[in-house]
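Step one of this worksheet: look at the structure below.
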Amino acid sequence: MEQARARDSVTPQLFASAYVPEQAGPADSPVIRPRIPEQARGEHTHSEPPAPGAAPRTVQRHSVRGQILEALRTALVDGELIPGEVYSAPVLGERFGVSATPVREAMQQLTIEGAVEVVPNRGFRVSVRSPRELAELAEVRALIEIPVMLRLARTIPAARWTALRPLAAATAAAAATGDRAAYAETDRAFHRAVLALSGNQQLVMVADDLHRRSQWPLTSAPVTRRADLVADAAEHMALLEALVAQDLSVVQSLVREHFTGAEG
């Protein structure tokens, strides 16, 4: 149930071009479809000269870094960044139309998140994940979120839960498309909104980080199971109904099942 997505058009085979195989060769290059925001190409886009008399278009570096980071995160969710493969920051930078610096900064953030690891003199290798890692993430999320939701079920008025129905409906709409990354984005938005009712922003940030990590697939090319996404999304509406009814046992069982059943 866990995913996130940048939605703009992209340059085909961007990450394939940045992939650094152990033994270079035509057959070694993976074919993937990253989604990079157009403006993330950088401070200057050579293919799009400014109109006569127009001021040069610039993009703040932090904005470029953020756009690249979100695009890389989306590629992780989609399985377009292949576990075990190494990707070069300078080559990615060339494809983005920026220096290697913002790409390397984005990759360093992914290193902190555990998504990639540094390979000296080569780039960044996408981490190979295990079912045990996903199970541990589900356990930690349950330890954090279940007590909070049970407390909120006792104190939050029914109208506040009803107001979250559009977010639950958005997850259902995304699930119906079978798009794993689009579903991930709406899924995280729903959980952030629920936890935000606690008034604890530190809790929201920590839970969102764990949620994001749980969205990365185990394999390089996961088969999107639309039926699983639809079933997962239906649990959001069921959870809201249980919260409105203050049915604590149902809230607990739904949240625990939601975390353990949506991985992979």
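Chain labels run A, B, ... following the order of the structure tokens; each chain numbers its residues from 1, and ligands are numbered from 1 in the order shown.
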Close residues, region 111-116 of chain A itself excluded, 7 Å, only C-alpha atoms, min 4 positions apart in chain, as a list in words
Met107, Phe124, Arg125, Val126 and Ser127 of chain A
Taking the backbone alone, and naming residues the way the document does, which bits of region 32-262 of chain A are strand (DSSP E or B) by DSSP, as a list in words?
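For region 32-262 of chain A, the strand (DSSP E or B) set is Val86, Tyr87, Val116, Glu117, Val118, Val119, Gly123, Phe124, Arg125 and Val126 of chain A.
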Residues near Ala163 (chain A), cut-off 12 Å, only C-alpha atoms, skip fewer than 2 positions along chain, as a PDB file with C-alpha atoms, in the first residue's frame:
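In the end it all went to around27.pdb:
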```
ATOM      1  CA  ILE A 156     -11.304  12.818  17.603  1.00  0.00           C
ATOM      2  CA  PRO A 157     -14.917  13.725  16.664  1.00  0.00           C
ATOM      3  CA  ALA A 158     -16.556  11.660  13.924  1.00  0.00           C
ATOM      4  CA  ALA A 159     -16.788  14.685  11.639  1.00  0.00           C
ATOM      5  CA  ARG A 160     -12.996  14.971  11.519  1.00  0.00           C
ATOM      6  CA  TRP A 161     -12.715  11.386  10.280  1.00  0.00           C
ATOM      7  CA  ARG A 165     -13.049  10.420   3.044  1.00  0.00           C
ATOM      8  CA  PRO A 166     -11.831  12.252  -0.101  1.00  0.00           C
ATOM      9  CA  LEU A 167      -8.272  11.159   0.646  1.00  0.00           C
ATOM     10  CA  ALA A 168      -9.406   7.555   1.066  1.00  0.00           C
ATOM     11  CA  ALA A 169     -11.349   7.839  -2.189  1.00  0.00           C
ATOM     12  CA  PHE A 190      -3.913   9.519   3.618  1.00  0.00           C
ATOM     13  CA  ALA A 193      -3.532  13.228   7.291  1.00  0.00           C
ATOM     14  CA  VAL A 194      -4.628  10.643   9.866  1.00  0.00           C
ATOM     15  CA  LEU A 197      -4.640  14.799  13.841  1.00  0.00           C
ATOM     16  CA  MET A 237     -12.337   3.513   4.042  1.00  0.00           C
ATOM     17  CA  LEU A 240     -12.291   5.490   8.757  1.00  0.00           C
ATOM     18  CA  GLU A 241     -15.569   3.711   9.494  1.00  0.00           C
ATOM     19  CA  VAL A 244     -15.912   6.958  13.462  1.00  0.00           C
TER      20      VAL A 244
END
```
With only C-alpha atoms as the counted atoms, please give the residues lying no more than 12 Å from Arg141 (chain A), apart from itself and same-chain residues fewer than 5 positions off, as a PyMOL selection string.
chain A and resi 2+134-136+146-149+191+195+203-204+206-214+255-260
Skipping near chain neighbours, those fewer than 4 positions away, what residues fall within 9 Å of Arg154 (chain A) using only C-alpha atoms, listed as a PyMOL selection string?
chain A and resi 149-150+243+246+248
Please measure the separation of CA of Ile82 (chain A) and CA of Ala170 (chain A), giving the value in Å to one decimal.
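Value for the CA of Ile82 (chain A)-CA of Ala170 (chain A) distance: 28.6 Å.
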Using only C-alpha atoms, find the one residue out of A:Ala231, A:Ala196, A:Leu254, A:Ala181 that sits nearest to Glu80 (chain A).
A:Ala181
From a DSSP calculation on the backbone, collect every residue of region 60-220 of chain A in alpha helix (DSSP H) and output the set as a ChimeraX atom specification.
/A:61-78,89-96,100-112,131-155,158-162,165-176,180-196,201-214
